[in-house]
$ cat coords-v1.tsv   # TSV, C-alpha atoms
chain	number	residue	atom	x	y	z
Z	842	MET	CA	222.90	16.00	-142.90
Z	843	SER	CA	222.18	16.69	-146.55
Z	844	ILE	CA	218.90	15.82	-148.20
Z	845	ARG	CA	220.68	13.42	-150.46
Z	846	ARG	CA	222.07	11.42	-147.61
Z	847	VAL	CA	218.67	11.23	-145.92
Z	848	VAL	CA	217.03	10.04	-149.11
Z	849	ALA	CA	219.83	7.58	-149.68
Z	850	GLY	CA	219.24	6.20	-146.19
Z	851	LEU	CA	215.50	5.80	-146.64
Z	852	PRO	CA	215.46	2.35	-148.18
Z	853	LEU	CA	217.59	1.15	-145.32
Z	854	ILE	CA	215.22	2.57	-142.73
Z	855	MET	CA	212.23	1.12	-144.54
Z	856	ALA	CA	213.85	-2.24	-144.79
Z	857	GLY	CA	214.46	-2.06	-141.07
Z	858	LEU	CA	210.84	-1.22	-140.35
Z	859	LEU	CA	209.64	-4.07	-142.49
Z	860	ALA	CA	212.02	-6.47	-140.84
Z	861	LEU	CA	210.79	-5.65	-137.33
Z	862	PRO	CA	207.45	-7.45	-137.31
Z	863	LEU	CA	208.99	-10.26	-139.31
Z	864	SER	CA	211.77	-10.77	-136.87
Z	865	THR	CA	209.42	-10.85	-133.88
Z	866	HIS	CA	207.36	-13.48	-135.58
Z	867	ALA	CA	210.43	-15.43	-136.39
Z	868	GLY	CA	211.93	-15.15	-132.90
Z	869	ASP	CA	210.79	-17.26	-129.97
Z	870	ALA	CA	208.38	-15.89	-127.38
Z	871	PRO	CA	210.20	-14.66	-124.30
Z	872	GLN	CA	211.51	-17.26	-121.90
Z	873	VAL	CA	209.44	-16.71	-118.80
Z	874	ALA	CA	210.83	-18.26	-115.65
Z	875	LYS	CA	208.46	-20.41	-113.62
Z	876	GLY	CA	207.49	-18.97	-110.25
Z	877	LYS	CA	208.10	-20.46	-106.83
Z	878	GLY	CA	205.63	-23.14	-105.87
Z	879	ASP	CA	203.36	-25.31	-108.00
Z	880	ALA	CA	200.92	-22.81	-109.35
Z	881	CYS	CA	200.19	-19.14	-109.75
Z	882	VAL	CA	197.48	-17.32	-107.84
Z	883	GLU	CA	195.23	-17.71	-110.88
Z	884	PRO	CA	195.19	-20.28	-113.70
Z	885	THR	CA	198.15	-19.55	-115.97
Z	886	ASP	CA	196.08	-18.39	-118.94
Z	887	VAL	CA	194.07	-16.06	-116.71
Z	888	ILE	CA	197.05	-14.46	-115.01
Z	889	ARG	CA	198.84	-14.06	-118.33
Z	890	LYS	CA	195.97	-12.14	-119.86
Z	891	ASN	CA	194.49	-10.35	-116.87
Z	892	HIS	CA	197.26	-9.65	-114.38
Z	893	MET	CA	197.15	-5.91	-115.08
Z	894	ASP	CA	193.46	-5.70	-114.21
Z	895	LEU	CA	193.88	-7.76	-111.09
Z	896	LEU	CA	196.79	-5.61	-109.94
Z	897	LYS	CA	195.02	-2.34	-110.59
Z	898	HIS	CA	191.95	-3.55	-108.75
Z	899	GLN	CA	194.09	-4.65	-105.82
Z	900	ARG	CA	195.96	-1.39	-105.59
Z	901	ASP	CA	192.71	0.56	-105.15
Z	902	ASP	CA	191.41	-1.94	-102.62
Z	903	THR	CA	194.61	-1.73	-100.62
Z	904	LEU	CA	195.44	1.93	-100.80
Z	905	ARG	CA	191.96	3.40	-100.60
Z	906	ARG	CA	190.17	0.83	-98.46
Z	907	GLY	CA	192.92	-0.85	-96.48
Z	908	ILE	CA	192.18	-4.35	-97.79
Z	909	ARG	CA	195.38	-6.34	-97.67
Z	910	THR	CA	194.55	-9.75	-99.09
Z	911	LYS	CA	197.62	-11.45	-100.47
Z	912	LYS	CA	196.25	-13.12	-103.57
Z	913	HIS	CA	196.65	-10.22	-106.00
Z	914	SER	CA	199.21	-8.22	-104.08
Z	915	LEU	CA	202.11	-6.88	-106.11
Z	916	ASN	CA	204.53	-7.63	-103.30
Z	917	GLU	CA	203.39	-11.24	-103.29
Z	918	CYS	CA	203.95	-11.57	-107.07
Z	919	LEU	CA	207.53	-10.52	-106.46
Z	920	GLU	CA	207.98	-12.97	-103.57
Z	921	CYS	CA	207.29	-15.89	-105.91
Z	922	HIS	CA	208.58	-14.55	-109.18
Z	923	VAL	CA	211.79	-12.72	-108.33
Z	924	GLN	CA	214.43	-15.30	-107.55
Z	925	PRO	CA	218.22	-15.43	-107.84
Z	926	ASP	CA	219.50	-17.24	-110.95
Z	927	GLU	CA	222.06	-20.09	-110.87
Z	928	SER	CA	224.88	-17.64	-110.26
Z	929	GLY	CA	223.01	-16.17	-107.32
Z	930	LYS	CA	222.27	-12.89	-109.10
Z	931	VAL	CA	218.87	-11.26	-108.96
Z	932	ALA	CA	217.79	-9.45	-112.12
Z	933	ARG	CA	216.50	-5.93	-111.55
Z	934	ILE	CA	213.56	-4.34	-113.34
Z	935	ASP	CA	215.73	-2.66	-116.01
Z	936	SER	CA	216.94	-6.07	-117.17
Z	937	PRO	CA	214.70	-8.14	-119.45
Z	938	LYS	CA	215.46	-11.04	-117.11
Z	939	HIS	CA	213.39	-9.56	-114.27
Z	940	PHE	CA	210.11	-11.51	-114.34
Z	941	CYS	CA	208.01	-8.38	-114.85
Z	942	SER	CA	210.20	-7.27	-117.74
Z	943	THR	CA	210.43	-10.46	-119.80
Z	944	CYS	CA	207.18	-10.12	-121.68
Z	945	HIS	CA	207.01	-6.36	-121.34
Z	946	THR	CA	210.33	-5.85	-123.10
Z	947	TYR	CA	209.17	-8.19	-125.82
Z	948	ALA	CA	205.76	-6.54	-126.22
Z	949	ALA	CA	207.03	-2.98	-125.65
Z	950	VAL	CA	204.90	-2.41	-122.56
Z	951	LYS	CA	206.24	0.30	-120.29
Z	952	LEU	CA	205.28	0.22	-116.63
Z	953	ASP	CA	205.64	3.06	-114.16
Z	954	CYS	CA	204.96	0.83	-111.17
Z	955	PHE	CA	208.60	0.33	-110.29
Z	956	GLU	CA	209.39	4.03	-110.19
Z	957	CYS	CA	207.79	3.79	-106.76
Z	958	HIS	CA	207.48	0.12	-105.92
Z	959	SER	CA	210.54	-1.91	-105.07
Z	960	ASP	CA	211.32	-4.44	-107.80
Z	961	LEU	CA	212.56	-6.89	-105.17
Z	962	PRO	CA	210.45	-8.97	-102.83
Z	963	LYS	CA	210.40	-7.70	-99.27
Z	964	SER	CA	212.55	-10.62	-98.16
Z	965	MET	CA	215.36	-9.41	-100.45
Z	966	ASN	CA	214.89	-5.65	-100.20
Z	967	LYS	CA	217.74	-4.40	-98.06
Z	968	SER	CA	216.21	-0.96	-97.72
Z	969	ALA	CA	213.05	-2.54	-96.35
Z	970	TYR	CA	212.25	-2.43	-92.69
Z	971	LYS	CA	213.81	-5.61	-91.35
Z	972	HIS	CA	211.57	-6.10	-88.37
Z	973	LYS	CA	209.39	-9.05	-89.33
Z	974	LEU	CA	205.77	-8.90	-88.36
Z	975	THR	CA	204.60	-12.40	-87.56
Z	976	PRO	CA	201.86	-13.79	-85.38
Z	977	ASP	CA	204.59	-14.83	-82.93
Z	978	ASN	CA	206.05	-11.39	-82.77
Z	979	LYS	CA	203.60	-9.51	-80.65
Z	980	HIS	CA	205.91	-6.58	-80.30
Z	981	HIS	CA	203.95	-4.27	-82.59
Z	982	ALA	CA	200.52	-5.24	-81.48
Z	983	SER	CA	201.44	-4.89	-77.85
Z	984	MET	CA	202.84	-1.40	-78.15
Z	985	GLN	CA	199.47	0.12	-78.68
Z	986	SER	CA	198.13	-0.97	-75.37
Z	987	ALA	CA	201.46	-0.52	-73.58
Z	988	PRO	CA	200.72	0.66	-70.09
Z	989	VAL	CA	201.61	4.26	-69.49
Z	990	SER	CA	203.34	4.82	-66.21
Z	991	ARG	CA	200.88	5.86	-63.55
Z	992	GLN	CA	203.63	7.96	-62.02
Z	993	MET	CA	204.01	9.90	-65.21
Z	994	LEU	CA	200.32	10.63	-65.46
Z	995	ASP	CA	200.28	11.83	-61.86
Z	996	ALA	CA	203.25	14.02	-62.58
Z	997	ILE	CA	201.45	15.64	-65.48
Z	998	ALA	CA	198.29	16.08	-63.44
Z	999	ASN	CA	200.19	17.69	-60.56
Z	1000	GLY	CA	202.10	19.90	-62.92
Z	1001	GLU	CA	205.40	18.41	-61.75
Z	1002	ALA	CA	206.46	17.02	-65.08
Z	1003	LYS	CA	209.20	18.96	-66.77
X	901	MET	CA	195.00	-15.61	-92.72
X	902	SER	CA	195.15	-12.75	-90.38
X	903	ILE	CA	198.10	-11.31	-88.59
X	904	ASN	CA	196.73	-11.47	-85.12
X	905	ASN	CA	197.25	-12.62	-81.64
X	906	GLN	CA	197.37	-16.40	-81.88
X	907	ALA	CA	195.87	-17.12	-78.51
X	908	ASP	CA	192.87	-14.97	-79.33
X	909	GLN	CA	192.50	-16.63	-82.70
X	910	SER	CA	192.29	-20.10	-81.26
X	911	ARG	CA	189.92	-19.02	-78.53
X	912	ARG	CA	187.57	-17.71	-81.14
X	913	LYS	CA	187.70	-20.76	-83.36
X	914	PHE	CA	184.57	-22.26	-81.85
X	915	LEU	CA	182.66	-19.20	-82.98
X	916	GLY	CA	183.13	-20.16	-86.61
X	917	ASN	CA	184.39	-17.93	-89.35
X	918	SER	CA	182.04	-15.00	-89.21
X	919	ALA	CA	181.11	-15.21	-85.56
X	920	ALA	CA	183.80	-12.83	-84.39
X	921	VAL	CA	182.23	-10.10	-86.49
X	922	VAL	CA	178.71	-10.93	-85.37
X	923	ALA	CA	179.85	-10.92	-81.75
X	924	GLY	CA	181.27	-7.46	-82.23
X	925	VAL	CA	177.94	-6.23	-83.49
X	926	THR	CA	175.50	-7.91	-81.14
X	927	ILE	CA	177.25	-7.31	-77.86
X	928	ALA	CA	176.83	-3.80	-76.61
X	929	PRO	CA	179.77	-1.42	-76.84
X	930	GLY	CA	181.86	-1.55	-73.74
X	931	ILE	CA	181.75	-5.32	-73.47
X	932	LEU	CA	183.25	-6.06	-76.86
X	933	LEU	CA	184.98	-9.43	-76.93
X	934	HIS	CA	188.08	-7.88	-78.38
X	935	THR	CA	189.32	-4.35	-78.45
X	936	PRO	CA	189.54	-2.65	-81.85
X	937	ALA	CA	193.26	-2.56	-81.23
X	938	GLN	CA	193.28	-6.04	-82.75
X	939	ALA	CA	194.21	-6.30	-86.41
X	940	ARG	CA	191.35	-6.57	-88.86
X	941	SER	CA	191.35	-9.61	-91.02
X	942	LEU	CA	193.21	-8.97	-94.26
X	943	ASP	CA	190.08	-8.90	-96.41
X	944	GLN	CA	188.25	-6.43	-94.20
X	945	ALA	CA	188.22	-2.79	-95.26
X	946	ALA	CA	189.12	0.01	-92.89
X	947	SER	CA	185.97	1.13	-91.12
X	948	SER	CA	184.59	4.35	-89.71
X	949	LYS	CA	184.04	2.55	-86.40
X	950	GLN	CA	187.64	3.44	-85.72
X	951	ARG	CA	189.31	6.78	-85.82
X	952	TRP	CA	193.02	6.47	-85.37
X	953	GLY	CA	194.81	9.23	-83.56
X	954	ILE	CA	198.06	10.16	-81.87
X	955	LEU	CA	198.37	12.03	-78.61
X	956	ILE	CA	201.63	13.87	-78.03
X	957	ASP	CA	202.63	14.95	-74.54
X	958	THR	CA	205.07	17.80	-75.07
X	959	ASN	CA	206.14	17.65	-71.43
X	960	GLN	CA	207.67	14.27	-72.15
X	961	CYS	CA	209.22	15.30	-75.47
X	962	ASP	CA	212.95	15.94	-75.23
X	963	SER	CA	214.27	18.75	-77.43
X	964	GLY	CA	217.47	16.85	-78.20
X	965	CYS	CA	215.60	13.75	-79.31
X	966	ASP	CA	214.55	12.96	-82.88
X	967	LYS	CA	213.97	9.24	-82.57
X	968	CYS	CA	210.44	9.60	-83.97
X	969	VAL	CA	211.86	11.20	-87.10
X	970	THR	CA	214.56	8.60	-87.68
X	971	ALA	CA	212.14	5.74	-86.95
X	972	CYS	CA	209.80	7.15	-89.60
X	973	GLN	CA	212.68	7.41	-92.07
X	974	THR	CA	213.75	3.83	-91.42
X	975	GLU	CA	210.24	2.48	-91.73
X	976	ASN	CA	209.18	4.46	-94.79
X	977	GLY	CA	212.53	4.94	-96.49
X	978	TRP	CA	212.59	8.71	-96.94
X	979	GLY	CA	215.35	11.19	-96.20
X	980	LYS	CA	218.33	9.23	-97.44
X	981	ASN	CA	217.89	8.74	-101.16
X	982	GLU	CA	217.00	12.26	-102.24
X	983	THR	CA	220.46	13.51	-103.09
X	984	LYS	CA	219.65	16.08	-105.77
X	985	SER	CA	216.93	17.91	-103.85
X	986	ASN	CA	217.78	20.85	-101.65
X	987	SER	CA	216.67	21.02	-98.04
X	988	GLU	CA	213.51	22.93	-98.96
X	989	GLN	CA	212.58	20.20	-101.43
X	990	GLN	CA	213.49	17.10	-99.47
X	991	ALA	CA	210.79	14.86	-98.11
X	992	GLN	CA	209.62	15.47	-94.60
X	993	TRP	CA	206.94	13.21	-93.22
X	994	ILE	CA	207.57	14.27	-89.64
X	995	ARG	CA	209.68	17.04	-88.14
X	996	LYS	CA	210.64	18.30	-84.71
X	997	VAL	CA	209.55	21.84	-83.90
X	998	GLU	CA	211.03	23.91	-81.08
X	999	LEU	CA	208.82	26.53	-79.47
X	1000	LYS	CA	209.99	29.33	-77.23
X	1001	ASP	CA	207.76	31.67	-75.29
X	1002	PRO	CA	209.47	35.07	-75.68
X	1003	ASN	CA	207.96	36.30	-72.42
X	1004	THR	CA	208.98	33.51	-70.09
X	1005	GLY	CA	211.72	31.84	-72.11
X	1006	HIS	CA	209.88	28.55	-71.63
X	1007	GLN	CA	210.94	26.11	-74.33
X	1008	GLN	CA	209.03	23.21	-75.77
X	1009	SER	CA	209.76	20.59	-78.34
X	1010	LEU	CA	207.23	18.61	-80.30
X	1011	PRO	CA	206.92	16.48	-83.42
X	1012	VAL	CA	204.61	17.71	-86.18
X	1013	MET	CA	203.36	15.52	-88.98
X	1014	CYS	CA	200.16	15.18	-90.98
X	1015	GLN	CA	197.46	15.92	-88.42
X	1016	HIS	CA	194.95	13.60	-90.13
X	1017	CYS	CA	192.12	16.12	-90.09
X	1018	GLU	CA	188.52	15.08	-89.99
X	1019	ASN	CA	187.87	17.87	-92.50
X	1020	PRO	CA	191.10	17.85	-94.48
X	1021	PRO	CA	191.63	20.89	-96.75
X	1022	CYS	CA	194.11	18.86	-98.82
X	1023	VAL	CA	191.27	16.53	-99.81
X	1024	ASP	CA	188.97	19.44	-100.65
X	1025	VAL	CA	191.36	20.99	-103.13
X	1026	CYS	CA	192.65	17.85	-104.85
X	1027	PRO	CA	191.51	17.86	-108.49
X	1028	THR	CA	191.90	14.10	-109.03
X	1029	GLY	CA	190.72	12.49	-105.81
X	1030	ALA	CA	194.24	11.34	-105.00
X	1031	SER	CA	194.21	13.21	-101.72
X	1032	MET	CA	191.85	11.16	-99.63
X	1033	LYS	CA	190.71	10.18	-96.17
X	1034	ARG	CA	190.27	6.52	-95.36
X	1035	ASP	CA	187.15	5.48	-93.48
X	1036	ASP	CA	189.21	5.13	-90.31
X	1037	GLY	CA	190.33	8.75	-90.53
X	1038	ILE	CA	193.82	8.26	-91.96
X	1039	VAL	CA	194.56	10.90	-94.58
X	1040	LEU	CA	196.60	9.63	-97.53
X	1041	VAL	CA	197.79	10.43	-101.01
X	1042	ASP	CA	196.73	7.81	-103.52
X	1043	LYS	CA	199.93	8.15	-105.49
X	1044	HIS	CA	198.46	6.05	-108.28
X	1045	ILE	CA	196.32	8.99	-109.31
X	1046	CYS	CA	198.34	11.92	-107.96
X	1047	ILE	CA	199.37	14.23	-110.79
X	1048	GLY	CA	201.79	16.25	-108.69
X	1049	CYS	CA	199.94	19.58	-108.87
X	1050	ARG	CA	200.72	20.34	-105.22
X	1051	TYR	CA	197.48	22.19	-104.45
X	1052	CYS	CA	197.24	20.04	-101.33
X	1053	MET	CA	200.63	21.27	-100.14
X	1054	MET	CA	199.40	24.84	-100.39
X	1055	ALA	CA	196.11	24.03	-98.67
X	1056	CYS	CA	197.69	22.30	-95.69
X	1057	PRO	CA	198.06	24.69	-92.74
X	1058	TYR	CA	200.53	22.32	-91.04
X	1059	LYS	CA	203.06	22.20	-93.87
X	1060	ALA	CA	202.85	18.46	-93.56
X	1061	ARG	CA	203.25	17.43	-97.18
X	1062	SER	CA	206.23	17.26	-99.49
X	1063	PHE	CA	206.76	16.63	-103.17
X	1064	ILE	CA	209.31	14.25	-104.67
X	1065	HIS	CA	211.53	16.15	-107.08
X	1066	GLU	CA	213.81	13.41	-108.36
X	1067	GLU	CA	213.92	9.79	-109.43
X	1068	LEU	CA	214.42	7.50	-106.48
X	1069	LYS	CA	216.03	4.13	-105.98
X	1070	GLY	CA	215.95	1.72	-103.08
X	1071	GLN	CA	212.46	2.46	-101.79
X	1072	ALA	CA	211.14	0.46	-98.87
X	1073	THR	CA	208.70	-2.28	-99.87
X	1074	VAL	CA	206.07	-1.00	-97.44
X	1075	ALA	CA	206.19	2.59	-98.70
X	1076	PRO	CA	206.42	2.98	-102.47
X	1077	ARG	CA	207.54	6.52	-103.37
X	1078	GLY	CA	208.36	8.14	-106.68
X	1079	LYS	CA	209.11	11.34	-108.55
X	1080	GLY	CA	206.27	13.70	-109.35
X	1081	THR	CA	203.94	12.79	-106.52
X	1082	VAL	CA	203.09	14.35	-103.16
X	1083	GLU	CA	203.41	12.45	-99.91
X	1084	SER	CA	203.02	12.81	-96.18
X	1085	CYS	CA	202.74	10.83	-92.97
X	1086	THR	CA	200.53	7.79	-93.55
X	1087	MET	CA	200.22	7.03	-89.85
X	1088	CYS	CA	202.09	3.91	-90.99
X	1089	VAL	CA	198.94	2.36	-92.52
X	1090	GLN	CA	200.88	-0.79	-93.26
X	1091	ARG	CA	201.44	-1.28	-89.53
X	1092	VAL	CA	198.03	-0.08	-88.43
X	1093	ASP	CA	196.37	-2.51	-90.85
X	1094	ALA	CA	198.40	-5.28	-89.23
X	1095	GLY	CA	197.28	-4.28	-85.75
X	1096	GLY	CA	200.43	-2.34	-84.89
X	1097	SER	CA	201.18	1.27	-84.14
X	1098	PRO	CA	203.14	3.89	-86.10
X	1099	ALA	CA	206.94	3.64	-86.10
X	1100	CYS	CA	207.33	7.07	-84.43
X	1101	VAL	CA	205.12	6.08	-81.51
X	1102	GLU	CA	206.89	2.78	-81.08
X	1103	ALA	CA	210.31	4.44	-81.09
X	1104	CYS	CA	209.49	7.32	-78.75
X	1105	PRO	CA	211.44	6.98	-75.51
X	1106	GLY	CA	210.07	10.16	-73.90
X	1107	LYS	CA	211.67	11.62	-70.80
X	1108	ASN	CA	210.07	9.58	-68.05
X	1109	GLY	CA	207.61	7.78	-70.23
X	1110	LYS	CA	206.41	7.86	-73.80
X	1111	ALA	CA	205.57	11.24	-75.27
X	1112	MET	CA	203.38	9.63	-77.94
X	1113	VAL	CA	200.33	7.41	-77.62
X	1114	PHE	CA	198.54	5.86	-80.57
X	1115	GLY	CA	195.03	4.49	-80.54
X	1116	ASP	CA	191.38	4.65	-81.46
X	1117	LEU	CA	189.76	7.96	-80.56
X	1118	ASN	CA	186.34	6.35	-80.98
X	1119	ASP	CA	187.01	3.66	-78.40
X	1120	ALA	CA	186.32	5.02	-74.93
X	1121	ASN	CA	188.43	2.22	-73.44
X	1122	SER	CA	191.55	2.97	-75.45
X	1123	GLU	CA	194.53	4.48	-73.71
X	1124	ILE	CA	194.39	7.55	-75.93
X	1125	ALA	CA	190.69	8.20	-75.32
X	1126	LYS	CA	191.09	7.74	-71.57
X	1127	ARG	CA	194.01	10.09	-71.44
X	1128	LEU	CA	192.19	12.68	-73.51
X	1129	LYS	CA	189.16	12.39	-71.29
X	1130	GLN	CA	191.17	12.79	-68.11
X	1131	TYR	CA	193.81	15.29	-69.10
X	1132	GLY	CA	192.50	16.90	-72.28
X	1133	GLY	CA	194.41	17.56	-75.42
X	1134	LYS	CA	194.79	20.48	-77.79
X	1135	GLN	CA	194.52	20.65	-81.53
X	1136	ILE	CA	197.00	22.84	-83.35
X	1137	ARG	CA	195.04	25.67	-84.98
X	1138	ALA	CA	191.76	24.39	-83.55
X	1139	ASP	CA	190.28	27.67	-84.82
X	1140	LEU	CA	190.33	26.31	-88.36
X	1141	GLY	CA	187.74	23.69	-87.46
X	1142	LEU	CA	189.64	20.87	-89.15
X	1143	ASN	CA	189.42	18.58	-86.12
X	1144	PRO	CA	192.76	16.81	-86.45
X	1145	SER	CA	193.32	13.29	-85.08
X	1146	VAL	CA	196.71	14.32	-83.72
X	1147	ARG	CA	196.37	16.04	-80.35
X	1148	TYR	CA	198.87	17.69	-78.06
X	1149	GLN	CA	199.19	18.05	-74.30
X	1150	GLY	CA	201.24	20.78	-72.72
X	1151	ILE	CA	201.03	23.40	-75.45
$ encode --input "coords-v1.tsv" --output "structure tokens"
Amino acid sequence: MSIRRVVAGLPLIMAGLLALPLSTHAGDAPQVAKGKGDACVEPTDVIRKNHMDLLKHQRDDTLRRGIRTKKHSLNECLECHVQPDESGKVARIDSPKHFCSTCHTYAAVKLDCFECHSDLPKSMNKSAYKHKLTPDNKHHASMQSAPVSRQMLDAIANGEAK
Amino acid sequence: MSINNQADQSRRKFLGNSAAVVAGVTIAPGILLHTPAQARSLDQAASSKQRWGILIDTNQCDSGCDKCVTACQTENGWGKNETKSNSEQQAQWIRKVELKDPNTGHQQSLPVMCQHCENPPCVDVCPTGASMKRDDGIVLVDKHICIGCRYCMMACPYKARSFIHEELKGQATVAPRGKGTVESCTMCVQRVDAGGSPACVEACPGKNGKAMVFGDLNDANSEIAKRLKQYGGKQIRADLGLNPSVRYQGI
């Protein structure tokens, strides 16, 4: 590209730069879909402003200390906020329609969370383990104390086990 | 709300909210009202009262069987979405190892995963604090602060850790994983925190009985502690003094 063409293009680029902030002011704020249920886990103005702090606090509590309260859990945000639209489609994180992308696209916030975390709630994540852990399903809890066959222990003790 | 045995919950209602905890403290060990095998309440942190471990009986482990490996893959979502990585690079949270005694020809098969050392060298060498041991002895990578330097992989004598070399899609909700971070067996913390046992242990059919037992090494009444007391159990490379929570019988 010749110098002349670059210089000739400059006013255009500058006009574009100037127009950017103007256009965002002119445009409407992003349309944020309402979550499932009546209310968020925090008052709306609090969650809007502070959700990043709450999430980062929660991730340390969960990963490092094993605290698994639901209130500020990322998975729980997705359960309420990621829903199919009228046509039954669920927006993924790379679409500005995914709840966690609406504002972020608008405000140019880039998250790395979903490079690891699923962008779908567990109930919709097909790659998730389907076995549901509920208080009624004692399967998991019972395994731990599953009786070991006495026969087998004797076999080991007598050196018969192969 | 706690994911727990409902019957037990209702029986403890009369104790009030905090009474279950108080009961656990005031009554002498051995006559605890509930075994530590119960799930903690969700807001309770993992505690050093427990030390989770796995006992593997190699006599029960079938060399043709890899159900522990596939159960781990299904639960934690590794081993199917790394298409660009070669076999040396691919994730491996748990693997089957075949041993053969050259003198007698005796063959053994056993699963090897993170041994959840009491003195983990991976934690010692980590420059960011990402490599860590929970209070209940489970050794983890805090991927939120892992920078992918892989010192821990070099420090681990069990070759238990792997590094993710490519962008991933379709991760399991319970086990977030992503490019540029190190990972290893988590002893299925998500299940342990809910009062369950690791997927490998649950899936193990064994030959005549399970080859894997999960439980609290600190609880003398747990199946794993009783078995260890009666029949013993070996640590792999005990000479290193790392005191792993994974123990083996028959090796």
$ residues_around --input "coords-v1.tsv" --residues "Tyr1051 of chain X" --least-positions-apart "3" --cutoff "9 Å" --atoms "only C-alpha atoms" --output "PyMOL selection string"
chain X and resi 1022+1025-1027+1048+1054-1056
$ atom_distance --input "coords-v1.tsv" --atom1 "atom CA of Gln1071 of chain X" --atom2 "atom CA of Asn966 of chain Z"
8.6 Å
$ residues_around --input "coords-v1.tsv" --residues "His1016 of chain X" --least-positions-apart "2" --cutoff "7 Å" --atoms "all atoms listed in the file" --output "list in words"
Cys1014, Glu1018, Gly1037, Ile1038, Val1039, Pro1144, Ser1145 and Val1146 of chain X
$ atom_distance --input "coords-v1.tsv" --atom1 "atom CA of Pro1076 of chain X" --atom2 "atom CA of Tyr1148 of chain X"
29.5 Å
$ closest_residue --input "coords-v1.tsv" --among "X:Glu988, X:Asp966, X:Asp943, X:Asp1093" --to "Gln899 of chain Z" --atoms "all atoms listed in the file"
X:Asp943
$ closest_atom_pairs --input "coords-v1.tsv" --of "chain X" --to "chain Z" --cutoff "8 Å" --atoms "all atoms listed in the file" --output "tab-separated table"
residue	atom	partner	partner_atom	distance
X:Ile903	CA	Z:Pro976	CA	5.5
X:Asn904	CA	Z:Pro976	CA	5.6
X:Asn905	CA	Z:Pro976	CA	6.1
X:Gln906	CA	Z:Pro976	CA	6.3
X:Ala937	CA	Z:Gln985	CA	7.2
X:Gln938	CA	Z:Ala982	CA	7.4
X:Leu942	CA	Z:Arg909	CA	4.8
X:Asp943	CA	Z:Ile908	CA	5.2
X:Gln944	CA	Z:Ile908	CA	5.7
X:Ala945	CA	Z:Ile908	CA	5.0
X:Ala946	CA	Z:Gly907	CA	5.3
X:Asn959	CA	Z:Lys1003	CA	5.7
X:Gln960	CA	Z:Lys1003	CA	7.3
X:Thr974	CA	Z:Tyr970	CA	6.6
X:Glu975	CA	Z:Tyr970	CA	5.4
X:Asn976	CA	Z:Tyr970	CA	7.8
X:Gly977	CA	Z:Ser968	CA	7.1
X:Met1032	CA	Z:Arg905	CA	7.8
X:Arg1034	CA	Z:Arg905	CA	6.3
X:Asp1035	CA	Z:Arg906	CA	7.5
X:Asp1042	CA	Z:Leu904	CA	6.6
X:Glu1067	CA	Z:Glu956	CA	7.4
X:Leu1068	CA	Z:Glu956	CA	7.1
X:Lys1069	CA	Z:Glu956	CA	7.9
X:Gly1070	CA	Z:Ser968	CA	6.0
X:Gln1071	CA	Z:Ser959	CA	5.8
X:Ala1072	CA	Z:Ala969	CA	4.4
X:Thr1073	CA	Z:Ser959	CA	5.5
X:Val1074	CA	Z:Ala969	CA	7.2
X:Ala1075	CA	Z:His958	CA	7.7
X:Pro1076	CA	Z:Cys957	CA	4.6
X:Arg1077	CA	Z:Cys957	CA	4.4
X:Gly1078	CA	Z:Cys957	CA	4.4
X:Lys1079	CA	Z:Glu956	CA	7.5
X:Val1089	CA	Z:Gly907	CA	7.9
X:Arg1091	CA	Z:His981	CA	8.0
X:Asp1093	CA	Z:Gly907	CA	6.8
X:Gly1095	CA	Z:Ala982	CA	5.4
X:Gly1096	CA	Z:Ala982	CA	4.5
X:Ser1097	CA	Z:Gln985	CA	5.8
X:Glu1102	CA	Z:Met984	CA	6.5
X:Asn1108	CA	Z:Met993	CA	6.7
X:Gly1109	CA	Z:Met993	CA	6.5
X:Lys1110	CA	Z:Val989	CA	7.4
X:Val1113	CA	Z:Gln985	CA	7.4
X:Phe1114	CA	Z:Gln985	CA	6.1
X:Gly1115	CA	Z:Gln985	CA	6.5
X:Ser1122	CA	Z:Ser986	CA	7.7
X:Glu1123	CA	Z:Ser986	CA	6.7
X:Tyr1131	CA	Z:Ala998	CA	7.3
$ atom_distance --input "coords-v1.tsv" --atom1 "atom CA of Ala1111 of chain X" --atom2 "atom CA of Thr958 of chain X"
6.6 Å
$ residues_around --input "coords-v1.tsv" --residues "segment 887-893 of chain Z" --least-positions-apart "3" --cutoff "12 Å" --atoms "only C-alpha atoms" --output "list in words"
Val873, Ala880, Cys881, Val882, Glu883, Pro884, Leu896, Lys897, His898, Gln899, Arg900, Lys912, His913, Ser914, Leu915, Cys918, Cys941, Cys944, His945, Val950, Leu952 and Cys954 of chain Z
$ residues_around --input "coords-v1.tsv" --residues "Thr983 of chain X" --least-positions-apart "3" --cutoff "10 Å" --atoms "all atoms listed in the file" --output "VMD selection string"
chain X and resid 979 to 980 986 to 987 990 1066 to 1068
$ residues_around --input "coords-v1.tsv" --residues "Arg1137 of chain X" --least-positions-apart "3" --cutoff "9 Å" --atoms "only C-alpha atoms" --output "PyMOL selection string"
chain X and resi 1057-1058+1134+1140-1142
